[in-house]
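For reference, the structure discussed in these notes is given below.
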Amino acid sequence: EAARKSFVLLKNDGALPLVKGKKVAYLGPYVENRNMMGSWSIVGEAKDVTTLKEAVMEREEGKDAVFGPGCTLLGGEMKLEGFTETMEEEPSAQECQVMLEEAVELAKGADMVVLALGEHRLQSGEATSNATIQIPKVQMELLRKVCAVNGNVAVVLFSGRPLDIREISEKAQAVLQVWMPGTEGARAIMDVLSGDYNPSGKLPMSFPYCVGQVPVHYNEYSTGRPHVEGKDK
C-alpha cells in the first residue's frame, strides 16, 4: 500500500492501464532485478524482494507476457561503491549486444512494451552528486532501439532522486515514477499498470527540465535574477 501511494504518473497518453489479452513485452534491467530498495535500506536483503517478472507471472497477465533484460543496469563504463555491496560482474560486449537484439525482437512482436528502467540504488543518497542526471547510457540506447520498433511504450522509472527525463517523456507514451519501491514494490507496480489501483502520488520535489536548470526551488526565485538591495527574502 505504501509503494502504491508513492508512485507518480508523470505522463499517460492512453497507454495505461494495460489492456487485458494484449501481448506485453516487459523489458529492461529492472525486470528481474531484486535490488529495488532505497540506498539507506541498510538491513534490507535483496532475497526478500519480489521481481517485476515474478509479480507479472502471479497474475493473469503473465500468460500473454514475454520478458528480457535488454541491457545491464549501468553499462561497463560505470562503477559504483557503497557500503559493503558488491557489484555484479558485467557481461561481455558480445553478450550485451545479444541481450539488446533479443529485446528489440521481443518488442517487435508485442502489442505493448513496458520498459523498466532507472538508476542504481547507490546512485542516490549520501555523496552521490552527479553532473549528469539521466539514466545510464546503456539504458538510453535500449529505450531508443525499442521505441524505434514499437510505438506503444510505457516506462516504469526507478530512481531515488529527480532525473532529466526529456527524451524518455518524448519517446514513451506513459511514464510511471516508482522511486525505489522496496520488497513489495513489483506487486504494487502491477496493481497500477493493470488498472487495479489508480496512481495518485504527487512529486515531493521538482524535476528539472535539464541539469542546467538546477538548483530548482518551489519557494525561491529562479537563479540568474539580479540582486535587489533589501530584498534578500
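For the C-alpha cells, the naming scheme is as follows: chains receive sequential letters (A, B, ...) according to their order of presentation, residues are indexed from 1 within each chain, and ligands are indexed from 1 in presentation order.
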
Residues near A:Leu106, cut-off 10 Å, only C-alpha atoms, skip fewer than 6 positions along chain, as an mmCIF file with C-alpha atoms, in the first residue's frame:
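Contents of selection-v1.cif, as written:
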data_model
loop_
_atom_site.group_PDB
_atom_site.id
_atom_site.type_symbol
_atom_site.label_atom_id
_atom_site.label_comp_id
_atom_site.auth_asym_id
_atom_site.auth_seq_id
_atom_site.Cartn_x
_atom_site.Cartn_y
_atom_site.Cartn_z
ATOM 1 C CA VAL A 24 3.105 -7.269 -23.474
ATOM 2 C CA ALA A 25 6.902 -7.333 -23.521
ATOM 3 C CA TYR A 26 8.472 -6.465 -20.173
ATOM 4 C CA LEU A 27 11.978 -5.297 -20.967
ATOM 5 C CA VAL A 66 7.400 -12.030 -22.597
ATOM 6 C CA PHE A 67 10.496 -10.853 -20.744
ATOM 7 C CA GLY A 68 14.041 -9.725 -21.432
ATOM 8 C CA GLY A 70 17.777 -5.768 -22.898
ATOM 9 C CA LEU A 100 19.822 -5.822 -26.874
ATOM 10 C CA VAL A 113 6.147 -2.688 -24.179
ATOM 11 C CA VAL A 146 12.721 -0.324 -28.571
ATOM 12 C CA VAL A 149 10.201 -0.676 -33.468
ATOM 13 C CA ASN A 150 7.179 -0.298 -31.166
#

Residues of stretch 88-125 of chain A at most 10 Å from stretch 152-172 of chain A: nearest atom pair and distance in Å, only C-alpha atoms, as a Markdown table:
| residue | atom | partner | partner_atom | distance |
| --- | --- | --- | --- | --- |
| A:Ala107 | CA | A:Val153 | CA | 9.2 |
| A:Ala110 | CA | A:Asn152 | CA | 9.1 |
| A:Asp111 | CA | A:Asn152 | CA | 7.2 |
| A:Met112 | CA | A:Asn152 | CA | 5.1 |
| A:Val113 | CA | A:Val153 | CA | 4.7 |
| A:Val114 | CA | A:Ala154 | CA | 4.9 |
| A:Leu115 | CA | A:Val155 | CA | 4.7 |
| A:Ala116 | CA | A:Val156 | CA | 4.8 |
| A:Leu117 | CA | A:Leu157 | CA | 5.2 |
| A:Gly118 | CA | A:Phe158 | CA | 4.4 |
| A:Glu119 | CA | A:Ser159 | CA | 5.3 |
| A:His120 | CA | A:Ser159 | CA | 7.2 |
| A:Arg121 | CA | A:Gly160 | CA | 7.0 |
| A:Leu122 | CA | A:Gly160 | CA | 9.0 |
| A:Gln123 | CA | A:Gly160 | CA | 7.9 |
| A:Ser124 | CA | A:Gly160 | CA | 5.4 |
| A:Gly125 | CA | A:Gly160 | CA | 7.7 |

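Restricting the calculation to only C-alpha atoms, the smallest distance between A:Pro69 and any of A:Glu90, A:Asp48, A:Glu54, A:Glu102 is found for A:Glu102.
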
Give me, as a PDB file with C-alpha atoms, in the first residue's frame, all polymer residues having an atom no more than 10 Å from A:Asn33, counting only C-alpha atoms and skipping those fewer than 5 positions away in the same chain.
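The resulting file, result-v5.pdb, is reproduced below:
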ATOM      1  CA  GLY A  28      14.811  -3.604 -19.128  1.00  0.00           C
ATOM      2  CA  ALA A  46      17.610  -8.462  -1.914  1.00  0.00           C
ATOM      3  CA  VAL A  49      12.323  -8.616  -2.941  1.00  0.00           C
ATOM      4  CA  THR A  50       9.754  -9.819  -5.476  1.00  0.00           C
ATOM      5  CA  THR A  51      10.910  -9.091  -9.035  1.00  0.00           C
ATOM      6  CA  LEU A  52       8.686  -7.472 -11.624  1.00  0.00           C
ATOM      7  CA  LYS A  53       8.726 -10.677 -13.682  1.00  0.00           C
ATOM      8  CA  PRO A  69      16.678  -7.562 -19.729  1.00  0.00           C
ATOM      9  CA  LEU A  73      21.807  -1.616 -15.261  1.00  0.00           C
ATOM     10  CA  ALA A 116      11.632  -0.993 -16.536  1.00  0.00           C
TER      11      ALA A 116
END

Looking only at strand (DSSP E) from DSSP on the backbone, list the matching residues of stretch 6-223 of chain A as a VMD selection string. chain A and resid 8 to 12 24 to 27 65 to 68 112 to 118 153 to 158 174 to 177

Computed interatomic separation between atom CA of A:Leu143 and atom CA of A:Met37 (Å):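 According to the coordinates, atom CA of A:Leu143 and atom CA of A:Met37 are separated by 23.3 Å.
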
Write out as JSON, numbers by chain all residues of stretch 118-155 of chain A that DSSP puts in helix (DSSP H, G or I) for this structure's backbone. {"A": [121, 122, 123, 137, 138, 139, 140, 141, 142, 143, 144, 145, 146, 147, 148, 149]}

Writer output for current selection, N, CA, C and O atoms, as a compact mmCIF listing (two decimals), in the first residue's frame:
# COMPACT_ATOMS: atom_id res chain seq x y z
N ARG A 121 20.43 1.86 -7.10
CA ARG A 121 20.13 2.40 -5.77
C ARG A 121 21.29 3.19 -5.18
O ARG A 121 21.08 4.14 -4.43
N LEU A 122 22.51 2.83 -5.52
CA LEU A 122 23.67 3.52 -4.96
C LEU A 122 23.98 4.83 -5.68
O LEU A 122 24.90 5.54 -5.30
N GLN A 123 23.19 5.16 -6.70
CA GLN A 123 23.35 6.46 -7.34
C GLN A 123 22.59 7.56 -6.60
O GLN A 123 22.66 8.73 -6.98
N LYS A 137 23.70 5.47 -19.95
CA LYS A 137 23.69 5.49 -21.42
C LYS A 137 23.22 4.18 -22.02
O LYS A 137 22.52 4.16 -23.04
N VAL A 138 23.61 3.06 -21.40
CA VAL A 138 23.25 1.76 -21.95
C VAL A 138 21.73 1.57 -21.95
O VAL A 138 21.16 0.94 -22.86
N GLN A 139 21.05 2.14 -20.96
CA GLN A 139 19.59 2.05 -20.91
C GLN A 139 18.93 3.01 -21.91
O GLN A 139 17.88 2.71 -22.47
N MET A 140 19.56 4.17 -22.12
CA MET A 140 19.02 5.10 -23.12
C MET A 140 19.08 4.48 -24.51
O MET A 140 18.17 4.68 -25.33
N GLU A 141 20.12 3.72 -24.78
CA GLU A 141 20.21 3.03 -26.07
C GLU A 141 19.08 2.02 -26.21
O GLU A 141 18.46 1.91 -27.28
N LEU A 142 18.80 1.28 -25.15
CA LEU A 142 17.69 0.32 -25.18
C LEU A 142 16.37 1.04 -25.44
O LEU A 142 15.56 0.59 -26.26
N LEU A 143 16.15 2.15 -24.77
CA LEU A 143 14.93 2.94 -24.97
C LEU A 143 14.78 3.34 -26.43
O LEU A 143 13.70 3.17 -27.03
N ARG A 144 15.83 3.87 -27.02
CA ARG A 144 15.76 4.33 -28.42
C ARG A 144 15.49 3.19 -29.38
O ARG A 144 14.68 3.31 -30.30
N LYS A 145 16.17 2.05 -29.17
CA LYS A 145 16.01 0.90 -30.07
C LYS A 145 14.59 0.33 -29.98
O LYS A 145 13.97 -0.01 -30.99
N VAL A 146 14.06 0.24 -28.76
CA VAL A 146 12.72 -0.32 -28.57
C VAL A 146 11.66 0.61 -29.14
O VAL A 146 10.73 0.17 -29.83
N CYS A 147 11.79 1.90 -28.86
CA CYS A 147 10.80 2.86 -29.36
C CYS A 147 10.81 2.97 -30.88
O CYS A 147 9.81 3.37 -31.48
N ALA A 148 11.93 2.61 -31.49
CA ALA A 148 12.02 2.65 -32.95
C ALA A 148 11.20 1.54 -33.61
O ALA A 148 10.81 1.67 -34.78
N VAL A 149 10.92 0.46 -32.88
CA VAL A 149 10.20 -0.68 -33.47
C VAL A 149 8.81 -0.88 -32.86
O VAL A 149 8.02 -1.68 -33.37

What separation in Å, quoted to one decimal, exists between atom CA of A:Arg4 and atom CA of A:Leu18?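 If I compute the distance from atom CA of A:Arg4 to atom CA of A:Leu18, I get 16.5 Å.
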
Which residue, A:Ser39, A:Leu10, A:Cys71, A:Ile189, has the smallest gap to A:Ala103 when you use only C-alpha atoms?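 Smallest distance to A:Ala103 is found for A:Cys71.
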
Do a neighbour search on A:Pro181 at 8 Å with only C-alpha atoms, toss out local chain neighbours closer than 6 positions, and write the hits as an NGL selection string. :A and (3 or 36-38)

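The spacing separating atom CA of A:Thr132 from atom CA of A:Val214 amounts to 11.3 Å.
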
Nearest to A:Ala65 among A:Val31, A:Ala186, A:Ala174, A:Leu203, with distances taken over only C-alpha atoms: which residue is it?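 Smallest distance to A:Ala65 is found for A:Val31.
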
With a distance cut-off of 10 Å and only C-alpha atoms, select the neighbouring residues of A:Tyr197, excluding the residue or stretch itself and same-chain residues fewer than 6 positions from it, and output the selection as number ranges by chain. A: 1, 4-5, 17, 188-191

Counting only C-alpha atoms, closest pick from A:Ala131, A:Leu9, A:Met180, A:Val216 relative to A:Pro199 is A:Leu9

Go through A:Val178, A:Cys96, A:Val104, A:Leu74 and flag the residue nearest A:Gln134, using only C-alpha atoms for the distances.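 That would be A:Leu74, the residue with the smallest distance to A:Gln134.
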
For A:Lys47, please output as a PyMOL selection string all residues within 10 Å (counting only C-alpha atoms; exclusion window: fewer than 6 positions along the same chain). chain A and resi 34-35+183

Take the residues that were just selected and, keeping N, CA and C atoms, output them as a short mmCIF file (atom, residue, chain, number, x, y, z; two decimals), in the first residue's frame.
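After the write, out.cif holds the following:
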data_model
loop_
_atom_site.label_atom_id
_atom_site.label_comp_id
_atom_site.auth_asym_id
_atom_site.auth_seq_id
_atom_site.Cartn_x
_atom_site.Cartn_y
_atom_site.Cartn_z
N ARG A 34 16.37 -7.70 -8.17
CA ARG A 34 15.84 -7.75 -6.81
C ARG A 34 16.30 -6.57 -5.95
N ASN A 35 17.16 -5.75 -6.49
CA ASN A 35 17.71 -4.66 -5.69
C ASN A 35 16.89 -3.39 -5.88
N THR A 183 10.52 -4.16 -1.08
CA THR A 183 10.31 -5.60 -1.25
C THR A 183 9.02 -5.94 -1.96
#

For A:Ser194, find every residue with an atom within 10 Å (counting only C-alpha atoms), except residues of its own chain fewer than 6 positions away, and show them as a CSV table (one decimal) with C-alpha atoms, in the first residue's frame.
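Contents of the output file around_9.csv:
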chain,number,residue,atom,x,y,z
A,16,LEU,CA,-2.1,2.8,-19.3
A,17,PRO,CA,-3.8,0.8,-17.9
A,18,LEU,CA,-2.6,-2.2,-19.9
A,19,VAL,CA,-5.3,-3.9,-22.0
A,20,LYS,CA,-6.0,-7.5,-21.0
A,56,VAL,CA,3.6,-10.4,-13.6
A,59,ARG,CA,-1.3,-12.6,-12.4
A,61,GLU,CA,-1.4,-11.0,-17.5

For A:Val175, which residue out of A:Pro204, A:Pro136, A:Pro91, A:Gly14 is the nearest one, using only C-alpha atoms?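 Among A:Pro204, A:Pro136, A:Pro91, A:Gly14, it is A:Gly14 that comes nearest to A:Val175.
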